[in-house]
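Q: Provided below: run-v1.cif, containing mmCIF, C-alpha atoms.
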```
data_model
loop_
_atom_site.label_atom_id
_atom_site.label_comp_id
_atom_site.auth_asym_id
_atom_site.auth_seq_id
_atom_site.Cartn_x
_atom_site.Cartn_y
_atom_site.Cartn_z
CA MET A 1 -38.58 -15.39 35.12
CA GLU A 2 -38.58 -11.72 34.26
CA HIS A 3 -37.69 -10.91 30.66
CA TRP A 4 -35.43 -7.95 30.07
CA GLN A 5 -35.51 -6.05 26.82
CA CYS A 6 -33.87 -2.96 25.42
CA ASP A 7 -36.38 -0.51 23.97
CA LEU A 8 -34.54 2.05 21.87
CA ASN A 9 -37.72 4.05 21.56
CA TYR A 10 -36.89 5.60 24.93
CA LEU A 11 -33.79 7.16 23.38
CA SER A 12 -33.82 9.75 20.66
CA ARG A 13 -32.07 8.87 17.39
CA ASP A 14 -29.57 11.69 17.92
CA ILE A 15 -28.49 10.21 21.27
CA VAL A 16 -28.09 6.73 19.76
CA VAL A 17 -26.07 8.20 16.88
CA ASP A 18 -23.91 10.09 19.37
CA ILE A 19 -23.25 6.86 21.29
CA MET A 20 -22.42 4.92 18.13
CA ALA A 21 -20.10 7.68 16.96
CA ARG A 22 -17.75 6.63 19.76
CA LEU A 23 -17.39 3.09 18.39
CA ASP A 24 -14.70 1.80 16.06
CA GLY A 25 -15.64 0.27 12.71
CA SER A 26 -15.65 -3.38 13.83
CA THR A 27 -17.78 -2.64 16.90
CA LEU A 28 -20.18 -0.52 14.87
CA ALA A 29 -20.60 -3.31 12.33
CA SER A 30 -21.21 -5.80 15.16
CA ALA A 31 -23.79 -3.50 16.75
CA ALA A 32 -25.65 -3.37 13.42
CA CYS A 33 -26.18 -7.14 13.65
CA THR A 34 -27.95 -7.05 17.02
CA CYS A 35 -31.35 -5.64 16.06
CA SER A 36 -33.18 -3.79 13.30
CA ASP A 37 -33.10 -0.47 15.19
CA PHE A 38 -29.33 -0.62 15.59
CA ARG A 39 -28.95 -1.73 11.98
CA ALA A 40 -30.88 1.28 10.71
CA THR A 41 -28.87 3.66 12.88
CA ALA A 42 -25.53 2.04 12.00
CA ARG A 43 -26.19 2.71 8.30
CA ASP A 44 -26.05 6.46 8.95
CA GLN A 45 -23.39 7.74 6.56
CA ARG A 46 -22.35 10.43 9.03
CA LEU A 47 -20.95 7.73 11.33
CA TRP A 48 -18.91 6.09 8.57
CA LYS A 49 -17.74 9.43 7.21
CA GLN A 50 -16.43 10.34 10.66
CA LEU A 51 -14.75 6.92 10.94
CA CYS A 52 -13.08 7.35 7.55
CA HIS A 53 -11.82 10.81 8.45
CA SER A 54 -10.41 9.64 11.79
CA THR A 55 -8.83 6.49 10.31
CA TRP A 56 -7.44 8.17 7.17
CA PRO A 57 -7.08 11.95 7.69
CA SER A 58 -6.29 12.26 3.96
CA THR A 59 -9.98 11.60 3.22
CA ALA A 60 -10.85 14.82 5.08
CA LEU A 61 -8.60 16.99 2.90
CA LYS A 62 -10.23 19.43 0.53
CA GLU A 63 -8.66 17.67 -2.47
CA ALA A 64 -10.41 14.42 -1.51
CA GLN A 65 -13.99 15.64 -1.37
CA HIS A 66 -14.79 15.18 -5.07
CA LEU A 67 -13.08 11.76 -5.18
CA LEU A 68 -14.85 9.89 -2.39
CA PRO A 69 -17.99 7.82 -3.06
CA SER A 70 -21.24 9.76 -2.65
CA SER A 71 -23.77 6.92 -2.56
CA PRO A 72 -26.41 7.70 0.11
CA THR A 73 -26.74 4.01 1.06
CA ASP A 74 -23.23 2.58 0.78
CA GLY A 75 -20.82 5.51 0.29
CA PHE A 76 -18.40 5.84 3.21
CA ARG A 77 -19.55 2.57 4.77
CA GLY A 78 -18.51 0.67 1.64
CA PHE A 79 -15.25 2.63 1.44
CA TYR A 80 -14.41 1.72 5.05
CA ALA A 81 -15.34 -1.94 4.57
CA ASP A 82 -13.08 -2.14 1.49
CA SER A 83 -10.13 -0.18 2.90
CA TYR A 84 -9.81 -1.17 6.56
CA PRO A 85 -8.80 -4.85 6.11
CA LEU A 86 -5.50 -5.54 4.37
CA ILE A 87 -4.99 -7.48 1.15
CA LEU A 88 -4.27 -11.09 2.02
CA HIS A 89 -1.93 -13.26 -0.03
CA GLY A 90 -3.75 -16.57 -0.18
CA ALA A 91 -4.66 -19.14 -2.79
CA HIS A 92 -4.91 -18.30 -6.47
CA GLU A 93 -8.71 -18.61 -6.31
CA ASP A 94 -8.78 -14.80 -6.11
CA ALA A 95 -8.06 -14.77 -9.83
CA ASP A 96 -11.54 -16.25 -10.38
CA ASN A 97 -13.06 -13.07 -8.93
CA PHE A 98 -11.29 -10.76 -11.35
CA PRO A 99 -13.41 -9.10 -14.07
CA THR A 100 -13.49 -11.38 -17.11
CA GLN A 101 -13.40 -8.43 -19.48
CA LEU A 102 -11.24 -5.61 -18.24
CA PRO A 103 -12.17 -2.16 -19.51
CA HIS A 104 -9.53 0.24 -20.73
CA ILE A 105 -7.64 1.27 -17.59
CA SER A 106 -6.20 4.76 -17.51
CA PRO A 107 -3.90 6.24 -14.85
CA HIS A 108 -6.65 8.79 -14.24
CA ASN A 109 -9.10 6.05 -13.16
CA PHE A 110 -7.42 5.82 -9.76
CA ALA A 111 -7.01 8.01 -6.70
CA SER A 112 -4.76 7.33 -3.70
CA PHE A 113 -5.09 8.39 -0.07
CA ILE A 114 -1.76 8.14 1.76
CA ASP A 115 -1.35 8.56 5.53
CA VAL A 116 1.78 8.03 7.65
CA TYR A 117 1.61 7.66 11.42
CA TYR A 118 4.17 7.73 14.19
CA ARG A 119 3.10 6.30 17.54
CA GLU A 120 -0.60 6.53 16.56
CA LYS A 121 -0.25 10.19 15.53
CA CYS A 122 -0.76 11.06 11.87
CA VAL A 123 2.25 13.03 10.61
CA ILE A 124 1.65 13.01 6.84
CA SER A 125 -1.53 12.99 4.77
CA CYS A 126 -1.74 13.44 1.02
CA VAL A 127 -4.05 12.74 -1.90
CA LEU A 128 -2.90 11.58 -5.32
CA ASP A 129 -5.48 11.96 -8.09
CA GLY A 130 -4.37 9.76 -10.98
CA ILE A 131 -1.28 7.52 -11.29
CA PRO A 132 1.49 7.37 -12.20
CA ARG A 133 2.64 10.88 -11.50
CA THR A 134 6.39 10.76 -11.80
CA ALA A 135 7.09 14.04 -13.57
CA ASN A 136 5.83 17.63 -13.65
CA PHE A 137 3.73 17.49 -16.80
CA ASP A 138 0.70 19.66 -17.43
CA GLN A 139 -2.66 17.93 -17.27
CA ASP A 140 -3.23 18.40 -21.02
CA TYR A 141 0.21 17.05 -21.83
CA GLU A 142 -0.39 13.97 -19.70
CA THR A 143 -3.22 12.92 -22.01
CA THR A 144 -1.16 13.03 -25.20
CA PRO A 145 -0.77 9.62 -26.89
CA GLY A 146 3.04 9.78 -26.91
CA LEU A 147 3.41 10.35 -23.18
CA MET A 148 0.64 7.87 -22.33
CA SER A 149 2.39 5.20 -24.40
CA TRP A 150 5.65 5.97 -22.61
CA LEU A 151 3.96 5.68 -19.19
CA LEU A 152 2.34 2.35 -20.04
CA ASN A 153 5.48 0.71 -21.43
CA CYS A 154 8.14 1.98 -19.03
CA PRO A 155 8.75 0.69 -15.48
CA PHE A 156 5.93 1.95 -13.29
CA LYS A 157 6.50 4.16 -10.26
CA ALA A 158 4.03 6.45 -8.51
CA VAL A 159 5.61 9.20 -6.38
CA PRO A 160 3.17 11.24 -4.25
CA LEU A 161 6.00 12.77 -2.19
CA HIS A 162 9.53 13.70 -3.13
CA VAL A 163 11.54 16.26 -1.16
CA SER A 164 15.14 16.85 -2.22
CA ASN A 165 15.78 19.29 0.63
CA ASP A 166 13.91 21.14 3.38
CA GLU A 167 12.69 23.86 1.03
CA ASP A 168 11.89 21.80 -2.07
CA ILE A 169 8.39 20.48 -1.39
CA GLU A 170 6.28 19.28 -4.30
CA ASP A 171 2.54 20.06 -4.33
CA ARG A 172 2.53 21.54 -0.84
CA ASP A 173 -1.16 22.47 -1.08
CA GLU A 174 -2.09 18.78 -1.28
CA LEU A 175 0.00 17.77 1.74
CA GLN A 176 -0.45 18.12 5.47
CA SER A 177 1.97 17.64 8.32
CA ALA A 178 1.89 17.78 12.09
CA ASP A 179 4.73 20.30 12.10
CA ASP A 180 5.52 23.61 10.40
CA LYS A 181 8.38 21.94 8.56
CA TYR A 182 6.90 19.29 6.35
CA GLY A 183 7.55 15.69 7.38
CA PHE A 184 9.22 16.58 10.70
CA VAL A 185 8.98 13.95 13.46
CA SER A 186 10.77 13.86 16.80
CA LEU A 187 11.57 10.25 17.68
CA GLU A 188 10.85 9.04 21.20
CA GLN A 189 13.62 6.42 21.37
CA MET A 190 17.22 7.03 20.31
CA GLY A 191 20.36 4.90 20.25
CA GLU A 192 22.54 3.02 17.80
CA PRO A 193 21.44 2.66 14.14
CA GLU A 194 20.09 -0.81 14.92
CA ASP A 195 17.97 0.69 17.71
CA LEU A 196 16.63 3.31 15.30
CA CYS A 197 15.63 0.55 12.87
CA ASP A 198 13.70 -1.10 15.68
CA GLU A 199 12.10 2.22 16.63
CA LEU A 200 10.97 2.86 13.06
CA LYS A 201 9.66 -0.69 12.71
CA GLU A 202 7.65 -0.43 15.91
CA GLY A 203 6.57 3.20 15.62
CA ILE A 204 5.88 3.92 11.93
CA ARG A 205 2.65 2.87 10.24
CA LEU A 206 1.62 3.64 6.68
CA SER A 207 -1.68 3.37 4.83
CA TRP A 208 -2.09 3.64 1.04
CA VAL A 209 -5.75 3.33 0.04
CA LEU A 210 -6.31 2.96 -3.70
CA LEU A 211 -9.73 3.95 -5.10
CA ASP A 212 -11.14 3.13 -8.51
CA LYS A 213 -13.13 6.29 -9.20
CA LYS A 214 -15.37 4.59 -11.76
CA SER A 215 -16.42 1.47 -9.85
CA GLY A 216 -16.08 2.90 -6.33
CA LYS A 217 -14.05 -0.14 -5.20
CA ALA A 218 -11.15 0.53 -2.86
CA GLY A 219 -8.35 -1.37 -1.17
CA ASN A 220 -5.39 -0.75 1.14
CA LEU A 221 -2.14 -1.62 -0.66
CA SER A 222 -0.02 -1.29 2.48
CA SER A 223 1.00 -3.89 5.03
CA TRP A 224 0.35 -1.24 7.73
CA LYS A 225 3.55 -2.24 9.58
CA PRO A 226 6.86 -2.07 7.66
CA TRP A 227 8.13 -5.52 6.68
CA LEU A 228 11.63 -4.15 6.04
CA VAL A 229 13.58 -1.34 7.69
CA LYS A 230 17.23 -0.73 6.84
CA LYS A 231 19.85 1.99 7.11
CA ILE A 232 21.62 3.18 3.99
CA TRP A 233 25.19 3.10 5.26
CA ALA A 234 26.59 5.09 2.33
CA THR A 235 24.52 8.11 3.43
CA ASP A 236 24.31 10.16 6.59
CA GLY A 237 21.31 9.03 8.60
CA GLU A 238 19.10 7.83 5.74
CA TYR A 239 16.69 4.95 6.32
CA VAL A 240 14.39 3.04 3.98
CA LEU A 241 11.11 1.41 5.00
CA HIS A 242 9.22 -1.07 2.82
CA PHE A 243 5.48 -1.69 3.02
CA GLY A 244 3.15 -3.35 0.53
CA CYS A 245 1.15 -6.43 -0.34
CA ILE A 246 1.27 -9.61 -2.42
CA ILE A 247 -1.24 -9.71 -5.29
CA PRO A 248 -2.28 -12.87 -7.14
CA VAL A 249 -2.56 -12.14 -10.86
CA GLN A 250 -3.59 -13.92 -14.01
CA GLU A 251 -0.97 -15.99 -15.81
CA SER A 252 -1.41 -13.84 -18.92
CA LEU A 253 0.11 -10.93 -16.97
CA LEU A 254 2.96 -12.61 -15.11
CA PRO A 255 4.10 -16.22 -15.58
CA HIS A 256 4.28 -17.07 -11.86
CA LYS A 257 0.83 -15.56 -11.11
CA LEU A 258 2.17 -13.35 -8.32
CA ALA A 259 3.13 -9.69 -8.05
CA LYS A 260 4.44 -7.65 -5.15
CA CYS A 261 3.27 -4.10 -4.57
CA VAL A 262 6.17 -2.30 -2.89
CA ILE A 263 5.65 1.00 -1.06
CA VAL A 264 8.99 2.64 -0.27
CA ALA A 265 9.33 5.39 2.34
CA ARG A 266 12.71 7.11 2.64
CA CYS A 267 13.54 9.33 5.59
CA ASN A 268 16.53 11.08 7.09
CA ILE A 269 17.25 11.02 10.83
CA GLU A 270 19.45 13.49 12.67
CA GLU A 271 20.84 10.89 15.04
CA LYS A 272 21.90 13.34 17.76
CA GLN A 273 18.68 15.35 17.92
CA GLY A 274 16.37 12.49 16.98
CA ASN A 275 14.56 14.49 14.30
CA LEU A 276 13.11 12.59 11.34
CA ARG A 277 12.25 14.16 7.98
CA TRP A 278 10.55 12.32 5.15
CA LYS A 279 12.28 12.47 1.78
CA GLU A 280 10.18 10.26 -0.48
CA ILE A 281 7.16 8.00 -0.60
CA SER A 282 6.69 5.92 -3.74
CA MET A 283 4.99 2.78 -4.99
CA HIS A 284 5.83 0.27 -7.72
CA ILE A 285 5.02 -3.31 -8.74
CA GLU A 286 7.60 -6.13 -8.89
CA ASP A 287 7.46 -9.63 -10.36
CA THR A 288 8.86 -12.69 -8.59
CA ASN A 289 12.33 -11.92 -10.00
CA GLY A 290 12.32 -8.49 -8.35
CA ALA A 291 12.04 -6.62 -11.67
CA TYR A 292 9.79 -3.57 -12.07
CA VAL A 293 6.57 -4.22 -14.00
CA ASN A 294 5.68 -1.75 -16.73
CA GLY A 295 2.89 0.79 -16.40
CA GLY A 296 0.33 -1.01 -18.54
CA LYS A 297 0.52 -4.28 -16.57
CA SER A 298 0.85 -2.44 -13.25
CA LEU A 299 -2.46 -0.64 -13.77
CA ILE A 300 -4.19 -3.96 -14.46
CA ILE A 301 -2.56 -5.54 -11.39
CA LEU A 302 -3.67 -2.61 -9.20
CA ASN A 303 -7.18 -3.00 -10.55
CA GLN A 304 -7.12 -6.71 -9.72
CA ALA A 305 -5.84 -5.96 -6.20
CA LEU A 306 -9.21 -4.39 -5.46
CA TYR A 307 -10.86 -7.82 -5.93
CA CYS A 308 -8.48 -9.80 -3.69
CA SER A 309 -9.22 -11.40 -0.33
CA ARG A 310 -8.87 -9.20 2.77
CA SER A 311 -8.01 -9.81 6.40
CA ASN A 312 -7.79 -7.87 9.67
CA ASN A 313 -5.21 -10.37 10.91
CA LEU A 314 -1.77 -8.76 10.61
CA HIS A 315 -0.12 -12.09 11.39
CA ALA A 316 -1.84 -13.69 8.39
CA VAL A 317 -0.73 -10.81 6.15
CA GLN A 318 2.88 -11.13 7.36
CA LYS A 319 2.71 -14.89 6.81
CA GLY A 320 1.73 -14.21 3.21
CA PHE A 321 4.91 -12.17 2.76
CA GLN A 322 6.97 -14.99 4.22
CA GLN A 323 5.37 -17.47 1.83
CA PHE A 324 6.09 -15.17 -1.10
CA GLU A 325 9.72 -14.65 -0.09
CA GLY A 326 10.13 -18.40 0.46
CA ARG A 327 8.78 -19.11 -3.01
CA LYS A 328 11.02 -16.41 -4.46
CA GLN A 329 14.10 -17.92 -2.81
CA GLU A 330 13.13 -21.37 -4.06
CA MET A 331 12.81 -20.02 -7.61
CA THR A 332 16.21 -18.32 -7.28
CA ARG A 333 17.76 -21.57 -6.03
CA LYS A 334 16.31 -23.53 -8.96
CA LYS A 335 17.51 -20.88 -11.40
CA LYS A 336 21.05 -21.02 -10.01
CA LEU A 337 20.95 -24.81 -10.14
CA LYS A 338 19.95 -24.74 -13.80
CA GLU A 339 22.70 -22.21 -14.54
CA THR A 340 25.22 -24.40 -12.72
CA ILE A 341 24.14 -27.48 -14.67
CA ALA A 342 24.31 -25.52 -17.92
CA ASP A 343 27.83 -24.32 -17.03
CA TRP A 344 28.97 -27.89 -16.30
CA VAL A 345 27.47 -29.11 -19.58
CA CYS A 346 29.32 -26.37 -21.49
CA ILE A 347 32.57 -27.18 -19.67
CA SER A 348 32.11 -30.89 -20.39
CA ILE A 349 31.55 -30.19 -24.07
CA GLU A 350 34.63 -27.96 -24.23
CA VAL A 351 36.75 -30.62 -22.48
CA ALA A 352 35.44 -33.30 -24.86
CA ILE A 353 36.31 -31.11 -27.85
CA LEU A 354 39.80 -30.45 -26.51
CA ILE A 355 40.39 -34.19 -25.87
CA THR A 356 39.17 -35.01 -29.39
CA LEU A 357 41.44 -32.41 -30.92
CA GLY A 358 44.33 -33.66 -28.79
CA TYR A 359 43.91 -37.21 -30.10
CA ARG A 360 43.83 -35.96 -33.69
CA ILE A 361 47.05 -33.99 -33.21
#
```
As structure tokens, please, write out the structure in this file.
A:
Amino acid sequence: MEHWQCDLNYLSRDIVVDIMARLDGSTLASAACTCSDFRATARDQRLWKQLCHSTWPSTALKEAQHLLPSSPTDGFRGFYADSYPLILHGAHEDADNFPTQLPHISPHNFASFIDVYYREKCVISCVLDGIPRTANFDQDYETTPGLMSWLLNCPFKAVPLHVSNDEDIEDRDELQSADDKYGFVSLEQMGEPEDLCDELKEGIRLSWVLLDKKSGKAGNLSSWKPWLVKKIWATDGEYVLHFGCIIPVQESLLPHKLAKCVIVARCNIEEKQGNLRWKEISMHIEDTNGAYVNGGKSLIILNQALYCSRSNNLHAVQKGFQQFEGRKQEMTRKKKLKETIADWVCISIEVAILITLGYRI
């Protein structure tokens, strides 16, 4: 029987690199496992840099160049491997992988790369260097002890984009859009408000990659697809989309060992013309009661998110959300039951006291 073999020596390295540049990340990683020649070529950082730029256009922005990992061996390949799969809510064993001794975590340790897509086309890209960034303070003022203490102890919220009207655009130099007017999107499908919710749920995708600038570890905090889309009926054409992930945490941080990272995207739709304009993108951390977590704990939780399990299976990620919401509803039910029992005990005591007083009279 004739034996067939592939001899890559007949092809120049540049041709092989050009062929591999047409592959997606999963296929490129699979090709690297086939033979030593492919493995050596697949480690070329130019391939992974191109993949990162095409997957997250924010990484190609000028503001991102000094933030991205520069390791000649792992660099963009490690960044892609960390950021492409989504954080998976699974068992609490993830807590065993967290650093045993956490260093001092500052808002300036992190950088965020945010990209919003509509029907596979990127419409917003921005870079956020340091979090939280909820007010227009000077860089020197942000490092003062008083403000830092306020940030760490108050409810945490990072806001990379906030537009109050068409002309009020914050940090325009760090933002890109597919249209001259920032955040403008023309929807393909129109109809009733319920139809628009379906269109946003099917058409909008969001990525929020968090990078620890010191360790080089990264992770995507988004669920990619929105897990909640709703219309704000008190406003004219405003819609809210929720993305995020479920993060297992240590009991010393939150009693129920779970936190929810919530990414909120607000937009306004001109329902007759079908034009969509983004108004705000923000991120915060909630506990199982739905309360905002303060800045100090939120920074630790975000750091721990970078050590959680990952998955490319969107169904598994969505199932994690369902498990979290089910547990949250069960906790709410138990809380109401306890409150009801407490109310009946109080009423019983009051009735007993009244009966006793009635007998004495």
Q: Would you mind telling me which residue in A:Ala42, A:Val127, A:Leu241, A:Ile15 lies nearest to Ser30 in chain A when using all atoms listed in the file?
A: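 Result for the nearest residue to Ser30 in chain A: A:Ala42.
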Q: Neighbours of range 203-211 of chain A within 8 Å (all atoms listed in the file; same-chain residues fewer than 6 positions away dropped), as an mmCIF file with C-alpha atoms, keeping the file's coordinate frame?
A:
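Result file around-v2.cif:
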```
data_model
loop_
_atom_site.group_PDB
_atom_site.id
_atom_site.type_symbol
_atom_site.label_atom_id
_atom_site.label_comp_id
_atom_site.auth_asym_id
_atom_site.auth_seq_id
_atom_site.Cartn_x
_atom_site.Cartn_y
_atom_site.Cartn_z
ATOM 1 C CA TRP A 56 -7.440 8.170 7.170
ATOM 2 C CA SER A 83 -10.130 -0.180 2.900
ATOM 3 C CA PHE A 110 -7.420 5.820 -9.760
ATOM 4 C CA ALA A 111 -7.010 8.010 -6.700
ATOM 5 C CA SER A 112 -4.760 7.330 -3.700
ATOM 6 C CA PHE A 113 -5.090 8.390 -0.070
ATOM 7 C CA ILE A 114 -1.760 8.140 1.760
ATOM 8 C CA ASP A 115 -1.350 8.560 5.530
ATOM 9 C CA VAL A 116 1.780 8.030 7.650
ATOM 10 C CA TYR A 117 1.610 7.660 11.420
ATOM 11 C CA TYR A 118 4.170 7.730 14.190
ATOM 12 C CA ARG A 119 3.100 6.300 17.540
ATOM 13 C CA GLU A 120 -0.600 6.530 16.560
ATOM 14 C CA LYS A 217 -14.050 -0.140 -5.200
ATOM 15 C CA ALA A 218 -11.150 0.530 -2.860
ATOM 16 C CA GLY A 219 -8.350 -1.370 -1.170
ATOM 17 C CA ASN A 220 -5.390 -0.750 1.140
ATOM 18 C CA LEU A 221 -2.140 -1.620 -0.660
ATOM 19 C CA SER A 222 -0.020 -1.290 2.480
ATOM 20 C CA SER A 223 1.000 -3.890 5.030
ATOM 21 C CA TRP A 224 0.350 -1.240 7.730
ATOM 22 C CA LYS A 225 3.550 -2.240 9.580
ATOM 23 C CA PRO A 226 6.860 -2.070 7.660
ATOM 24 C CA PHE A 243 5.480 -1.690 3.020
#
```
Q: Between CA of Met20 in chain A and CA of Ser311 in chain A, what distance in Å does the model show, to one decimal?
A: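 According to the coordinates, CA of Met20 in chain A and CA of Ser311 in chain A are separated by 23.7 Å.
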Q: Please compute the CA of Leu151 in chain A-CA of Glu63 in chain A distance, one decimal, in Å.
A: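 Between CA of Leu151 in chain A and CA of Glu63 in chain A the gap is 24.1 Å.
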Q: For Gly290 in chain A, please output as a list in words all residues within 10 Å (counting all atoms listed in the file; exclusion window: fewer than 6 positions along the same chain).
A: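 Answer for this query is Ala259, Lys260 and Lys328 of chain A.
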Q: Just the residues within 12 Å of Gln318 in chain A, please, counting all atoms listed in the file, with nothing from its chain fewer than 2 positions along; format it as a PyMOL selection string.
A: chain A and resi 86-90+222-228+243-246+311-316+320-325
Q: Write the residues you've just listed into a file as a PDB file, in the coordinates of the input, and include C-alpha atoms for each of them.
A:
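Contents of part-v5.pdb, as written:
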```pdb
ATOM      1  CA  LEU A  86      -5.500  -5.540   4.370  1.00  0.00           C
ATOM      2  CA  ILE A  87      -4.990  -7.480   1.150  1.00  0.00           C
ATOM      3  CA  LEU A  88      -4.270 -11.090   2.020  1.00  0.00           C
ATOM      4  CA  HIS A  89      -1.930 -13.260  -0.030  1.00  0.00           C
ATOM      5  CA  GLY A  90      -3.750 -16.570  -0.180  1.00  0.00           C
ATOM      6  CA  SER A 222      -0.020  -1.290   2.480  1.00  0.00           C
ATOM      7  CA  SER A 223       1.000  -3.890   5.030  1.00  0.00           C
ATOM      8  CA  TRP A 224       0.350  -1.240   7.730  1.00  0.00           C
ATOM      9  CA  LYS A 225       3.550  -2.240   9.580  1.00  0.00           C
ATOM     10  CA  PRO A 226       6.860  -2.070   7.660  1.00  0.00           C
ATOM     11  CA  TRP A 227       8.130  -5.520   6.680  1.00  0.00           C
ATOM     12  CA  LEU A 228      11.630  -4.150   6.040  1.00  0.00           C
ATOM     13  CA  PHE A 243       5.480  -1.690   3.020  1.00  0.00           C
ATOM     14  CA  GLY A 244       3.150  -3.350   0.530  1.00  0.00           C
ATOM     15  CA  CYS A 245       1.150  -6.430  -0.340  1.00  0.00           C
ATOM     16  CA  ILE A 246       1.270  -9.610  -2.420  1.00  0.00           C
ATOM     17  CA  SER A 311      -8.010  -9.810   6.400  1.00  0.00           C
ATOM     18  CA  ASN A 312      -7.790  -7.870   9.670  1.00  0.00           C
ATOM     19  CA  ASN A 313      -5.210 -10.370  10.910  1.00  0.00           C
ATOM     20  CA  LEU A 314      -1.770  -8.760  10.610  1.00  0.00           C
ATOM     21  CA  HIS A 315      -0.120 -12.090  11.390  1.00  0.00           C
ATOM     22  CA  ALA A 316      -1.840 -13.690   8.390  1.00  0.00           C
ATOM     23  CA  GLY A 320       1.730 -14.210   3.210  1.00  0.00           C
ATOM     24  CA  PHE A 321       4.910 -12.170   2.760  1.00  0.00           C
ATOM     25  CA  GLN A 322       6.970 -14.990   4.220  1.00  0.00           C
ATOM     26  CA  GLN A 323       5.370 -17.470   1.830  1.00  0.00           C
ATOM     27  CA  PHE A 324       6.090 -15.170  -1.100  1.00  0.00           C
ATOM     28  CA  GLU A 325       9.720 -14.650  -0.090  1.00  0.00           C
TER      29      GLU A 325
END
```
Q: Just how far from CA of Leu299 in chain A is CA of Ser149 in chain A, in Å to one decimal?
A: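 Straight-line distance from CA of Ser149 in chain A to CA of Leu299 in chain A works out to 13.1 Å.
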Q: I need the residue nearest Val264 in chain A from this list: A:Leu61, A:Val293, A:Ala32, A:Ala158. Use only C-alpha atoms for the distance.
A: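 With only C-alpha atoms as the atom set, the closest residue is A:Ala158.
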